[in-house]
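> As input, take data_0.cif (mmCIF, C-alpha atoms and all ligand atoms):
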data_query
#
loop_
_atom_site.label_atom_id
_atom_site.label_comp_id
_atom_site.auth_asym_id
_atom_site.auth_seq_id
_atom_site.Cartn_x
_atom_site.Cartn_y
_atom_site.Cartn_z
CA MET A 1487 33.25 -7.43 10.53
CA PRO A 1488 29.56 -7.10 11.51
CA PHE A 1489 28.29 -9.18 14.43
CA THR A 1490 25.68 -11.78 13.60
CA ARG A 1491 22.85 -12.85 15.87
CA ARG A 1492 24.73 -16.14 16.41
CA ASP A 1493 27.85 -14.23 17.54
CA LEU A 1494 25.75 -12.40 20.08
CA LEU A 1495 24.15 -15.59 21.35
CA GLN A 1496 27.57 -17.24 21.69
CA ILE A 1497 28.69 -14.39 23.88
CA GLY A 1498 26.04 -15.70 26.26
CA THR A 1499 24.68 -14.41 29.47
CA ALA A 1500 27.36 -11.75 29.83
CA ALA A 1501 25.17 -9.67 27.51
CA ALA A 1502 22.67 -9.18 30.28
CA VAL A 1503 25.19 -7.39 32.49
CA SER A 1504 27.74 -5.80 30.19
CA PRO A 1505 27.20 -2.31 28.74
CA TRP A 1506 29.86 -3.18 26.16
CA ILE A 1507 27.80 -6.13 24.91
CA ALA A 1508 24.67 -3.97 24.94
CA SER A 1509 26.37 -1.50 22.63
CA ILE A 1510 27.36 -4.34 20.26
CA GLU A 1511 23.72 -5.41 20.16
CA SER A 1512 22.75 -1.86 19.35
CA ILE A 1513 25.23 -1.76 16.45
CA ALA A 1514 23.93 -5.09 15.14
CA ARG A 1515 20.36 -3.82 15.26
CA GLN A 1516 21.27 -0.60 13.53
CA GLU A 1517 22.64 -2.51 10.58
CA ARG A 1518 19.04 -3.33 9.69
CA ARG A 1519 18.42 -0.02 8.01
CA PHE A 1520 16.46 0.43 4.83
CA ARG A 1521 13.96 2.64 3.08
CA PHE A 1522 10.91 1.78 1.00
CA VAL A 1523 8.13 3.71 -0.69
CA HIS A 1524 4.36 3.21 -0.52
CA PHE A 1525 3.17 4.51 -3.88
CA SER A 1526 -0.62 4.40 -3.97
CA ASP A 1527 -3.51 5.31 -6.23
CA LEU A 1528 -1.71 6.19 -9.45
CA HIS A 1529 -4.87 6.09 -11.58
CA ILE A 1530 -2.85 6.29 -14.75
CA GLN A 1531 -4.66 7.20 -17.95
CA PRO A 1532 -3.74 9.00 -21.16
CA GLU A 1533 -5.74 12.11 -20.17
CA LEU A 1534 -5.00 15.01 -17.78
CA GLY A 1535 -1.24 14.47 -18.06
CA ALA A 1536 -1.50 11.43 -15.75
CA THR A 1537 1.25 9.47 -17.52
CA GLN A 1538 3.68 12.37 -17.20
CA GLY A 1539 2.59 12.81 -13.58
CA VAL A 1540 3.42 9.20 -12.67
CA ALA A 1541 6.74 9.49 -14.54
CA MET A 1542 7.51 12.64 -12.53
CA ALA A 1543 6.71 10.84 -9.25
CA VAL A 1544 8.96 7.96 -10.32
CA LYS A 1545 11.80 10.42 -10.93
CA LYS A 1546 11.28 11.83 -7.44
CA VAL A 1547 11.51 8.28 -5.99
CA LEU A 1548 14.78 7.73 -7.88
CA ASP A 1549 16.17 11.04 -6.62
CA LEU A 1550 15.59 10.13 -2.96
CA ASN A 1551 18.77 9.86 -0.95
CA PRO A 1552 19.14 7.20 0.28
CA ARG A 1553 17.39 5.45 -2.56
CA PRO A 1554 14.58 3.05 -1.52
CA SER A 1555 15.27 -0.68 -1.64
CA PHE A 1556 11.82 -1.41 -3.07
CA ILE A 1557 8.43 0.11 -3.75
CA VAL A 1558 4.99 -1.09 -2.70
CA THR A 1559 2.29 0.09 -5.06
CA GLY A 1560 -0.90 0.47 -3.05
CA GLY A 1561 -3.55 -0.29 -5.68
CA ASP A 1562 -5.63 1.61 -8.24
CA HIS A 1563 -2.68 1.52 -10.59
CA VAL A 1564 -4.90 2.46 -13.51
CA MET A 1565 -7.74 4.95 -13.72
CA ASP A 1566 -10.25 2.20 -14.13
CA LEU A 1567 -10.80 -1.31 -15.45
CA LEU A 1568 -14.25 -1.86 -13.97
CA SER A 1569 -16.24 -0.62 -16.95
CA VAL A 1570 -13.93 -0.34 -19.96
CA THR A 1571 -13.19 -2.23 -23.14
CA ARG A 1572 -10.19 -4.49 -23.54
CA GLY A 1573 -8.53 -1.86 -25.75
CA ARG A 1574 -8.88 0.86 -23.13
CA ALA A 1575 -7.57 -1.48 -20.43
CA ASP A 1576 -4.52 -2.42 -22.54
CA GLU A 1577 -3.79 1.26 -23.18
CA GLN A 1578 -3.72 2.02 -19.44
CA PHE A 1579 -1.36 -0.88 -18.70
CA LYS A 1580 0.94 0.22 -21.52
CA ASP A 1581 1.16 3.70 -19.96
CA LEU A 1582 1.68 2.19 -16.51
CA HIS A 1583 4.60 0.02 -17.59
CA GLU A 1584 6.20 2.88 -19.49
CA ALA A 1585 5.97 5.27 -16.54
CA LEU A 1586 7.33 2.73 -14.01
CA LYS A 1587 10.06 1.39 -16.31
CA PRO A 1588 12.86 3.64 -14.95
CA LEU A 1589 12.42 2.21 -11.42
CA GLU A 1590 15.46 0.07 -10.79
CA MET A 1591 14.03 -1.68 -7.75
CA PRO A 1592 11.56 -4.48 -6.99
CA ILE A 1593 7.89 -3.49 -7.19
CA HIS A 1594 5.37 -5.23 -4.90
CA GLY A 1595 1.80 -4.37 -5.81
CA VAL A 1596 -1.53 -4.76 -4.05
CA ILE A 1597 -4.77 -4.79 -5.97
CA GLY A 1598 -7.17 -1.83 -5.91
CA ASN A 1599 -10.86 -1.76 -6.78
CA HIS A 1600 -10.17 0.08 -10.04
CA ASP A 1601 -7.69 -2.66 -11.04
CA VAL A 1602 -10.43 -5.29 -11.49
CA PHE A 1603 -11.47 -5.86 -15.09
CA GLY A 1604 -15.20 -5.92 -15.89
CA TRP A 1605 -16.78 -5.97 -12.41
CA GLY A 1606 -18.45 -2.60 -12.96
CA GLY A 1607 -20.96 -3.42 -15.65
CA LYS A 1608 -21.86 -4.86 -18.98
CA VAL A 1609 -18.84 -3.79 -21.05
CA VAL A 1610 -16.93 -7.07 -20.64
CA LEU A 1611 -18.31 -10.58 -20.52
CA GLN A 1612 -17.39 -12.93 -17.68
CA SER A 1613 -16.18 -15.33 -20.35
CA ASP A 1614 -13.35 -12.92 -21.26
CA ALA A 1615 -10.06 -14.66 -20.45
CA MET A 1616 -8.87 -11.57 -18.54
CA TYR A 1617 -12.11 -10.96 -16.60
CA GLY A 1618 -11.82 -9.93 -12.97
CA LYS A 1619 -8.46 -9.95 -11.16
CA LYS A 1620 -6.74 -12.11 -13.76
CA MET A 1621 -5.82 -9.10 -15.88
CA VAL A 1622 -3.94 -7.18 -13.17
CA GLU A 1623 -2.37 -10.38 -11.84
CA GLU A 1624 -1.02 -11.25 -15.27
CA LYS A 1625 -0.21 -7.78 -16.56
CA PHE A 1626 1.20 -6.21 -13.41
CA LEU A 1627 1.33 -8.15 -10.15
CA GLY A 1628 2.90 -11.21 -11.75
CA GLN A 1629 1.35 -13.38 -9.05
CA ARG A 1630 -1.74 -13.91 -6.90
CA ALA A 1631 -3.34 -10.85 -5.39
CA PHE A 1632 -2.45 -11.72 -1.76
CA ARG A 1633 0.95 -12.92 -0.61
CA SER A 1634 3.84 -12.04 1.72
CA PHE A 1635 7.56 -11.48 1.57
CA ALA A 1636 10.42 -10.68 3.93
CA PHE A 1637 13.02 -7.96 3.63
CA SER A 1638 15.95 -7.44 5.97
CA GLY A 1639 14.23 -9.00 8.96
CA TRP A 1640 10.83 -7.34 8.39
CA HIS A 1641 7.73 -9.21 7.24
CA PHE A 1642 5.34 -7.69 4.69
CA THR A 1643 1.87 -9.09 4.02
CA LEU A 1644 -0.02 -7.86 0.97
CA LEU A 1645 -3.81 -8.25 1.11
CA ASP A 1646 -6.47 -8.50 -1.56
CA SER A 1647 -9.13 -6.18 -0.13
CA VAL A 1648 -11.51 -6.19 -3.13
CA GLN A 1649 -14.30 -8.79 -3.23
CA PRO A 1650 -17.30 -9.26 -5.55
CA ASP A 1651 -20.68 -7.91 -4.52
CA PRO A 1652 -23.92 -8.65 -6.39
CA LYS A 1653 -25.35 -5.14 -5.81
CA THR A 1654 -22.41 -2.78 -6.25
CA GLY A 1655 -20.02 -4.97 -8.27
CA TRP A 1656 -17.37 -4.95 -5.54
CA LYS A 1657 -16.93 -4.28 -1.84
CA GLY A 1658 -14.03 -3.84 0.57
CA ALA A 1659 -13.59 -7.10 2.49
CA ILE A 1660 -11.15 -9.87 3.30
CA ASP A 1661 -12.71 -13.23 2.46
CA GLN A 1662 -12.70 -16.02 5.06
CA ALA A 1663 -10.00 -18.12 3.38
CA GLN A 1664 -7.70 -15.09 3.17
CA LEU A 1665 -8.38 -14.19 6.82
CA GLU A 1666 -7.30 -17.70 7.86
CA TRP A 1667 -4.23 -17.42 5.64
CA LEU A 1668 -3.43 -14.01 7.19
CA ASP A 1669 -3.56 -15.46 10.71
CA THR A 1670 -1.19 -18.26 9.69
CA ASP A 1671 1.09 -15.99 7.68
CA LEU A 1672 1.52 -13.53 10.57
CA ALA A 1673 2.03 -16.37 13.05
CA LYS A 1674 4.77 -17.89 10.87
CA ALA A 1675 6.59 -14.55 10.86
CA GLY A 1676 7.11 -14.98 14.61
CA ASP A 1677 8.96 -12.09 16.23
CA MET A 1678 9.75 -10.28 12.99
CA PRO A 1679 8.34 -6.74 12.85
CA LYS A 1680 5.31 -6.87 10.56
CA ILE A 1681 3.67 -4.59 8.02
CA VAL A 1682 0.33 -5.31 6.34
CA VAL A 1683 -0.70 -3.55 3.12
CA SER A 1684 -4.33 -3.20 2.03
CA HIS A 1685 -5.82 -0.98 -0.66
CA VAL A 1686 -9.16 -0.48 1.10
CA PRO A 1687 -8.56 0.85 4.63
CA VAL A 1688 -8.81 -1.48 7.61
CA MET A 1689 -9.34 1.55 9.87
CA THR A 1690 -10.02 5.17 8.88
CA LEU A 1691 -11.81 8.28 10.14
CA PHE A 1692 -12.50 9.49 6.58
CA SER A 1693 -16.32 9.58 6.95
CA GLN A 1694 -16.01 11.38 10.27
CA TYR A 1695 -14.01 14.32 8.96
CA THR A 1696 -15.66 14.54 5.53
CA GLU A 1697 -19.32 13.91 6.40
CA GLY A 1698 -19.90 13.96 10.15
CA THR A 1699 -18.77 12.32 13.31
CA THR A 1700 -21.79 10.00 13.46
CA THR A 1701 -21.76 8.97 9.80
CA ALA A 1702 -21.16 5.29 9.16
CA PRO A 1703 -18.74 4.49 6.32
CA SER A 1704 -19.91 2.18 3.53
CA ASN A 1705 -18.24 -1.09 2.58
CA THR A 1706 -16.85 0.61 -0.51
CA LEU A 1707 -14.92 3.02 1.75
CA ILE A 1708 -13.62 0.70 4.47
CA LEU A 1709 -13.31 -3.08 4.83
CA GLU A 1710 -16.67 -4.42 6.00
CA ASN A 1711 -14.75 -6.85 8.22
CA GLY A 1712 -11.87 -4.54 9.11
CA ARG A 1713 -12.50 -5.38 12.77
CA GLU A 1714 -11.46 -9.00 12.06
CA VAL A 1715 -8.23 -7.79 10.44
CA GLN A 1716 -7.60 -5.37 13.32
CA LYS A 1717 -7.97 -8.23 15.82
CA LEU A 1718 -5.31 -10.19 13.92
CA CYS A 1719 -3.07 -7.12 13.80
CA TYR A 1720 -3.31 -6.85 17.58
CA LYS A 1721 -2.83 -10.59 18.10
CA HIS A 1722 0.33 -10.67 15.97
CA LYS A 1723 1.68 -7.23 16.98
CA VAL A 1724 1.56 -5.76 13.49
CA ARG A 1725 3.60 -2.55 13.48
CA ALA A 1726 1.73 -0.76 10.68
CA VAL A 1727 -1.04 -1.21 8.13
CA LEU A 1728 -0.45 0.76 4.93
CA GLN A 1729 -3.69 1.78 3.22
CA GLY A 1730 -4.83 3.57 0.07
CA HIS A 1731 -8.19 4.21 -1.60
CA THR A 1732 -9.32 7.47 0.04
CA HIS A 1733 -6.36 9.50 -1.33
CA VAL A 1734 -5.83 11.27 1.99
CA VAL A 1735 -2.87 11.27 4.35
CA GLU A 1736 -3.97 9.91 7.69
CA ASP A 1737 -2.47 8.03 10.66
CA CYS A 1738 -4.71 6.23 13.15
CA ASN A 1739 -2.75 4.54 15.93
CA TYR A 1740 -4.59 1.87 17.91
CA LEU A 1741 -3.02 -0.64 20.28
CA ASP A 1742 0.45 0.01 18.84
CA THR A 1743 -0.57 -0.59 15.23
CA GLN A 1744 -0.45 2.46 12.96
CA TYR A 1745 -3.16 2.45 10.28
CA ILE A 1746 -1.56 4.84 7.80
CA THR A 1747 -3.36 6.01 4.66
CA GLY A 1748 -0.67 7.07 2.21
CA GLY A 1749 -2.23 9.84 0.10
CA ALA A 1750 -2.27 9.40 -3.67
CA VAL A 1751 0.15 9.84 -6.53
CA CYS A 1752 -2.82 11.28 -8.48
CA GLY A 1753 -4.09 13.57 -5.68
CA ASP A 1754 -7.72 14.23 -6.51
CA TRP A 1755 -7.69 12.00 -9.65
CA TRP A 1756 -5.33 14.42 -11.41
CA LYS A 1757 -7.58 17.40 -10.71
CA GLY A 1758 -5.75 19.02 -7.82
CA TRP A 1759 -5.32 18.20 -4.14
CA ARG A 1760 -7.65 15.74 -2.45
CA LEU A 1761 -10.20 17.63 -0.35
CA GLY A 1762 -8.15 20.69 -1.22
CA VAL A 1763 -5.51 19.75 1.40
CA HIS A 1764 -3.82 16.47 0.38
CA PRO A 1765 -1.34 17.01 -2.48
CA GLU A 1766 -0.12 14.51 -5.07
CA GLY A 1767 2.62 12.41 -3.50
CA PHE A 1768 3.72 9.17 -1.90
CA MET A 1769 4.84 7.86 1.48
CA VAL A 1770 8.49 7.18 2.28
CA TYR A 1771 9.24 4.74 5.12
CA ASP A 1772 12.56 4.48 6.89
CA ILE A 1773 13.41 1.44 8.97
CA ILE A 1774 16.15 1.48 11.57
CA GLY A 1775 16.28 -1.73 13.57
CA ASN A 1776 12.72 -2.28 14.79
CA GLN A 1777 11.72 1.36 14.35
CA LEU A 1778 9.58 2.70 11.53
CA SER A 1779 9.21 6.33 10.52
CA ALA A 1780 7.05 7.79 7.78
CA LYS A 1781 6.91 10.98 5.75
CA TYR A 1782 4.74 12.11 2.85
CA VAL A 1783 6.69 13.39 -0.12
CA GLN A 1784 5.25 15.65 -2.80
CA TYR A 1785 6.78 15.54 -6.26
CA GLY A 1786 5.60 18.93 -7.48
CA TRP A 1787 2.74 18.10 -9.83
CA ASN A 1788 0.56 20.96 -11.02
CA ALA A 1789 -2.86 19.76 -12.13
CA LYS A 1790 -3.89 20.98 -15.57
CA VAL A 1791 -7.57 20.89 -14.60
CA HIS A 1792 -8.89 21.74 -11.16
CA GLN A 1793 -12.18 20.61 -9.76
CA THR A 1794 -14.05 22.19 -6.93
CA SER A 1795 -13.32 19.95 -4.00
CA ALA A 1796 -14.46 20.04 -0.41
CA LYS A 1797 -11.88 21.31 2.02
CA GLY A 1798 -10.39 18.74 4.37
FE FE A 1801 -8.10 5.34 -5.86
#
What does the file become when written as C-alpha cells?
Ligand SMILES: [Fe+2]

Amino acid sequence: MPFTRRDLLQIGTAAAVSPWIASIESIARQERRFRFVHFSDLHIQPELGATQGVAMAVKKVLDLNPRPSFIVTGGDHVMDLLSVTRGRADEQFKDLHEALKPLEMPIHGVIGNHDVFGWGGKVVLQSDAMYGKKMVEEKFLGQRAFRSFAFSGWHFTLLDSVQPDPKTGWKGAIDQAQLEWLDTDLAKAGDMPKIVVSHVPVMTLFSQYTEGTTTAPSNTLILENGREVQKLCYKHKVRAVLQGHTHVVEDCNYLDTQYITGGAVCGDWWKGWRLGVHPEGFMVYDIIGNQLSAKYVQYGWNAKVHQTSAKG
C-alpha cells in the first residue's frame, strides 16, 4: 500500500535520523510521476495541409509512451481571427475541433494573439456578440482566459497575455488586475511546485539572436511588463514558465525559473522550419516528484510550401 503524507508525518521525528524512513519518503515522492504536453502555435487553417498537420501531431501525442495525462495548448490555435469574417473564423474552429477530437485527455488552453476575434481591423464590428476574446473562450477554452488548476501536487497557472492596444490592435502584457490575481494565486499554492503558462514570452532572447544583441524587443514580441511577472515568479519560486508565440525552442534559466519557449506545431506557419532550424513539434514534460524535465518532439511533418527563412 502506498505511504501517504500523513503516514510519514505520523512516523514522526525518527524520519530525520533513519535512512529507512528517508527511503520511504523517496518512494512516496516518486509516486508523483506524470507527463504532459505543451502544444503551442497550431495556426490551423484549411490551407497548406495545416489540418492534416495538426492531426498528425495529435497522433504523435497519442503514440507517446507513457501517454500524457493532459495537454496544454499554448495559444494561436487558429491561423488568425484578428482580421477575418465570422465565416472564416467558424471554419478554423471546425478544423481545430476535428483535428483535436482524437485526444482522449483534458485540454487546457491559453489564449494567443491570433485567437482574438476582430482586434486587427475593420472586418468585424465591436457589436458582434463574439467580438474579442469571447469567441475563443466560448468555442475552445470553455472558460475565462486566465485561471489555474492543480494536478498531482503541481500547480499550473494559465495567463492571458494579450491586451488591447489603440495603435497596434493588441500588445503582450498582463493587466494590473490579473497581476494581482497571479500574486494571490501563486501564494495560495503554497509549497506546491508551480508552472506558469503564457502565450507571449515573459523572458526571451529572440531579438538578440535574430536581429542583434542590442536590439530591444517590441511589446508584440515579449510582455511589456514581463519584469513584473518575473518578480512574481521569483517571489513564489515558480519552477518553469512555458511560452509560445515566437515558434522557436528556447530555454532561459534565471533565478531557478526556466522560461521555456516550446517551438510550434506549425513550425514556420506551415512553410518549413522556423528560422530554418526549429522544426514542427511540441514539448513533452515529465514530472518525477519535484523534478521537471523537457524534450522537444518532432512529428515528421513535411511542409508542402517552403519559404525563404533566416537561419537561426
Ligand atoms: Fe503563433
> Using only C-alpha atoms and all ligand atoms, which residue out of A:Gly1560, A:Gly1786, A:Gly1655, A:Pro1679 lies closest to ligand FE 1801 (chain A)?
A:Gly1560
> Could you list, as a PyMOL selection string, all protein and nucleic acid residues with an atom at most 12 Å from ligand FE 1801 (chain A), counting only C-alpha atoms and all ligand atoms?
chain A and resi 1525-1530+1559-1567+1597-1601+1685-1687+1706-1707+1729-1734+1747-1756+1760
> Please determine, counting only C-alpha atoms, which residue among A:Ser1555, A:Ser1779, A:Asn1739, A:Ser1569 has the shortest atom-to-atom distance to Phe1637 (chain A).
A:Ser1555
> Kindly give the distance, in Å, that separates CA of His1722 (chain A) and CA of Phe1768 (chain A), rounded to a single decimal.
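That distance, rounded to one decimal, is 26.9 Å.
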> What does the distance between CA of Glu1577 (chain A) and CA of Thr1537 (chain A) come to in Å, to one decimal place?
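That distance, rounded to one decimal, is 11.2 Å.
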> Quick one: what's the axis-aligned box for region 1588-1605 of chain A, all listed atoms, 5 Å on every side, centre and edges in Å to one decimal, as AutoDock Vina command-line options?

--center_x -0.7 --center_y -1.2 --center_z -10.0 --size_x 42.2 --size_y 19.6 --size_z 21.8
> Using CA of Tyr1745 (chain A) and CA of Leu1718 (chain A) as the two end points, give the distance in Å to one decimal.
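Separation of CA of Tyr1745 (chain A) and CA of Leu1718 (chain A): 13.3 Å.
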> Which residue out of A:Lys1545, A:His1524, A:Lys1717, A:Arg1518 has the minimum interatomic distance to Lys1587 (chain A) when all atoms listed in the file are used?
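So, comparing all the options, the nearest one is A:Lys1545.
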> Counting only C-alpha atoms, find residues at most 8 Å from (-17.8, 0.2, -22.1) (file frame) and give them as a PyMOL selection string.
chain A and resi 1569-1571+1608-1610
> Can you write just those residues out, C-alpha atoms, as an mmCIF file, in the frame of the given file?

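Output (selection_22.cif):
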data_model
loop_
_atom_site.group_PDB
_atom_site.id
_atom_site.type_symbol
_atom_site.label_atom_id
_atom_site.label_comp_id
_atom_site.auth_asym_id
_atom_site.auth_seq_id
_atom_site.Cartn_x
_atom_site.Cartn_y
_atom_site.Cartn_z
ATOM 1 C CA SER A 1569 -16.240 -0.620 -16.950
ATOM 2 C CA VAL A 1570 -13.930 -0.340 -19.960
ATOM 3 C CA THR A 1571 -13.190 -2.230 -23.140
ATOM 4 C CA LYS A 1608 -21.860 -4.860 -18.980
ATOM 5 C CA VAL A 1609 -18.840 -3.790 -21.050
ATOM 6 C CA VAL A 1610 -16.930 -7.070 -20.640
#
